[in-house]
Every structure is written in C-alpha cells, then in structure tokens.
Amino acid sequence: MSSALSNNIRRLRFEHGEMTQQKLADIAGVTRQTIIAVEQGKYTPSLTLAFKISAAFNLRVEDVFLFEPGQTQLKP
C-alpha cells in the first residue's frame, strides 16, 4: 500500500514571521538538514517530531501534515 505525506511547513514558516529552517530545527531539536528533508517530502518525520513541529506553530499535527492514503486497501 502506498501513501503520501505532505506538509505545509514552508508556508507556515513564512506565516510565522518568516521563521528560518534553523529556528524551526532548534525548536524541534533536530538539524536544519532534517527540517529541509521533511519540508521537501524526502523524509517522513517520526510521530514525536511531527508533534514538535506542529507545536512550534501552535497547530495540530493534521493542520501541518496531510496524509493521503493510497488506492490499495488492506485485505481482510
């Protein structure tokens, strides 16, 4: 089953005083490279990191990250 996880991090950073990737990384406790990879959709964050990033914007996880399930369904 394939699925896609996208995010609004870039837009949210600019809406929050043009927050830099480094500032977000410092808040979330990760490297700037991690934020870059998450923002570009090249790295799926852990649940903990997703919550930390969301908290940096005072938003819920589902307001920052968008899960788009694949077409395949699990068989019973």
# chains A, B, ... in the order shown; residues from 1 in each chain; ligands from 1
$ residues_around --residues "stretch 16-22 of chain A" --least-positions-apart "4" --cutoff "10 Å" --atoms "only C-alpha atoms" --output "list of chain:residue names"
A:Ile9, A:Arg10, A:Arg11, A:Leu12, A:Asp26, A:Ile27, A:Ala28, A:Val30, A:Thr31, A:Arg32, A:Gln33, A:Thr34, A:Ile35, A:Ile36, A:Glu39, A:Ala56, A:Phe57
$ select_by_dssp --residues "chain A" --states "strand (DSSP E)" --output "list in words"
Ser3, Ala4, Leu5, Ser6, Asn7, Phe65, Leu66, Phe67, Glu68 and Pro69 of chain A
$ write_last_selection --atoms "C-alpha atoms" --output "PDB file, in the first residue's frame"
ATOM      1  CA  SER A   3       0.589   6.621   0.685  1.00  0.00           C
ATOM      2  CA  ALA A   4       1.844  10.144   0.625  1.00  0.00           C
ATOM      3  CA  LEU A   5       2.572  12.519   3.466  1.00  0.00           C
ATOM      4  CA  SER A   6       2.769  16.165   2.507  1.00  0.00           C
ATOM      5  CA  ASN A   7       3.112  19.220   4.689  1.00  0.00           C
ATOM      6  CA  PHE A  65       0.847  17.345   7.831  1.00  0.00           C
ATOM      7  CA  LEU A  66      -1.536  15.931   5.233  1.00  0.00           C
ATOM      8  CA  PHE A  67      -1.883  12.175   4.869  1.00  0.00           C
ATOM      9  CA  GLU A  68      -3.134  10.955   1.520  1.00  0.00           C
ATOM     10  CA  PRO A  69      -3.838   7.223   1.619  1.00  0.00           C
TER      11      PRO A  69
END
$ select_by_dssp --residues "stretch 16-55 of chain A" --states "helix (DSSP H, G or I)" --output "PDB file with C-alpha atoms, in the first residue's frame"
ATOM      1  CA  GLN A  21      14.594  26.450   8.894  1.00  0.00           C
ATOM      2  CA  GLN A  22      17.325  26.741  11.532  1.00  0.00           C
ATOM      3  CA  LYS A  23      14.931  28.327  14.058  1.00  0.00           C
ATOM      4  CA  LEU A  24      12.386  25.549  13.477  1.00  0.00           C
ATOM      5  CA  ALA A  25      15.151  22.957  13.786  1.00  0.00           C
ATOM      6  CA  ASP A  26      16.261  24.478  17.104  1.00  0.00           C
ATOM      7  CA  ILE A  27      12.697  24.431  18.435  1.00  0.00           C
ATOM      8  CA  ALA A  28      12.152  20.823  17.297  1.00  0.00           C
ATOM      9  CA  ARG A  32      18.417  22.076   9.751  1.00  0.00           C
ATOM     10  CA  GLN A  33      19.039  19.295   7.230  1.00  0.00           C
ATOM     11  CA  THR A  34      16.246  17.267   8.835  1.00  0.00           C
ATOM     12  CA  ILE A  35      13.818  20.175   8.513  1.00  0.00           C
ATOM     13  CA  ILE A  36      14.844  20.642   4.871  1.00  0.00           C
ATOM     14  CA  ALA A  37      14.231  16.956   4.135  1.00  0.00           C
ATOM     15  CA  VAL A  38      10.845  16.926   5.908  1.00  0.00           C
ATOM     16  CA  GLU A  39       9.760  20.164   4.217  1.00  0.00           C
ATOM     17  CA  LEU A  47       5.379  10.976  15.312  1.00  0.00           C
ATOM     18  CA  THR A  48       7.310  12.804  18.041  1.00  0.00           C
ATOM     19  CA  LEU A  49       8.979  15.114  15.522  1.00  0.00           C
ATOM     20  CA  ALA A  50       5.657  15.774  13.787  1.00  0.00           C
ATOM     21  CA  PHE A  51       4.185  16.857  17.131  1.00  0.00           C
ATOM     22  CA  LYS A  52       7.196  19.072  17.897  1.00  0.00           C
ATOM     23  CA  ILE A  53       6.996  20.782  14.504  1.00  0.00           C
ATOM     24  CA  SER A  54       3.248  21.279  14.896  1.00  0.00           C
ATOM     25  CA  ALA A  55       3.724  22.706  18.394  1.00  0.00           C
TER      26      ALA A  55
END
$ atom_distance --atom1 "atom CA of A:Asn58" --atom2 "atom CA of A:Ser46"
18.2 Å
$ decode --residues "chain A" --atoms "C-alpha atoms" --output "short mmCIF file (atom, residue, chain, number, x, y, z; two decimals), in the first residue's frame"
data_model
loop_
_atom_site.label_atom_id
_atom_site.label_comp_id
_atom_site.auth_asym_id
_atom_site.auth_seq_id
_atom_site.Cartn_x
_atom_site.Cartn_y
_atom_site.Cartn_z
CA MET A 1 0.00 0.00 0.00
CA SER A 2 1.44 3.35 -0.94
CA SER A 3 0.59 6.62 0.68
CA ALA A 4 1.84 10.14 0.62
CA LEU A 5 2.57 12.52 3.47
CA SER A 6 2.77 16.17 2.51
CA ASN A 7 3.11 19.22 4.69
CA ASN A 8 2.57 22.95 4.96
CA ILE A 9 5.83 23.70 6.76
CA ARG A 10 7.26 26.15 4.23
CA ARG A 11 4.06 28.22 4.12
CA LEU A 12 3.70 28.10 7.90
CA ARG A 13 7.28 29.27 8.44
CA PHE A 14 6.61 32.37 6.35
CA GLU A 15 3.26 32.99 8.05
CA HIS A 16 5.04 32.86 11.41
CA GLY A 17 7.37 35.80 10.98
CA GLU A 18 9.42 34.22 8.20
CA MET A 19 10.79 31.63 10.63
CA THR A 20 14.03 30.16 9.33
CA GLN A 21 14.59 26.45 8.89
CA GLN A 22 17.32 26.74 11.53
CA LYS A 23 14.93 28.33 14.06
CA LEU A 24 12.39 25.55 13.48
CA ALA A 25 15.15 22.96 13.79
CA ASP A 26 16.26 24.48 17.10
CA ILE A 27 12.70 24.43 18.44
CA ALA A 28 12.15 20.82 17.30
CA GLY A 29 15.57 19.64 18.50
CA VAL A 30 16.79 18.41 15.12
CA THR A 31 19.24 19.58 12.47
CA ARG A 32 18.42 22.08 9.75
CA GLN A 33 19.04 19.30 7.23
CA THR A 34 16.25 17.27 8.83
CA ILE A 35 13.82 20.18 8.51
CA ILE A 36 14.84 20.64 4.87
CA ALA A 37 14.23 16.96 4.14
CA VAL A 38 10.84 16.93 5.91
CA GLU A 39 9.76 20.16 4.22
CA GLN A 40 10.67 18.77 0.78
CA GLY A 41 8.88 15.48 1.46
CA LYS A 42 12.10 13.47 1.27
CA TYR A 43 11.91 12.33 4.90
CA THR A 44 8.90 11.18 6.88
CA PRO A 45 9.18 12.52 10.41
CA SER A 46 8.63 10.40 13.49
CA LEU A 47 5.38 10.98 15.31
CA THR A 48 7.31 12.80 18.04
CA LEU A 49 8.98 15.11 15.52
CA ALA A 50 5.66 15.77 13.79
CA PHE A 51 4.19 16.86 17.13
CA LYS A 52 7.20 19.07 17.90
CA ILE A 53 7.00 20.78 14.50
CA SER A 54 3.25 21.28 14.90
CA ALA A 55 3.72 22.71 18.39
CA ALA A 56 6.22 25.23 17.02
CA PHE A 57 3.33 26.70 15.04
CA ASN A 58 0.73 26.17 17.80
CA LEU A 59 -1.20 23.90 15.47
CA ARG A 60 -2.49 20.34 15.45
CA VAL A 61 -0.49 17.72 13.56
CA GLU A 62 -3.25 17.39 10.97
CA ASP A 63 -3.03 21.14 10.29
CA VAL A 64 0.66 20.81 9.39
CA PHE A 65 0.85 17.35 7.83
CA LEU A 66 -1.54 15.93 5.23
CA PHE A 67 -1.88 12.18 4.87
CA GLU A 68 -3.13 10.96 1.52
CA PRO A 69 -3.84 7.22 1.62
CA GLY A 70 -3.01 5.13 -1.41
CA GLN A 71 -5.57 3.38 -3.55
CA THR A 72 -4.76 -0.06 -2.21
CA GLN A 73 -6.80 -1.31 0.72
CA LEU A 74 -5.79 -3.96 3.23
CA LYS A 75 -7.29 -7.38 2.60
CA PRO A 76 -9.47 -8.83 5.39
#
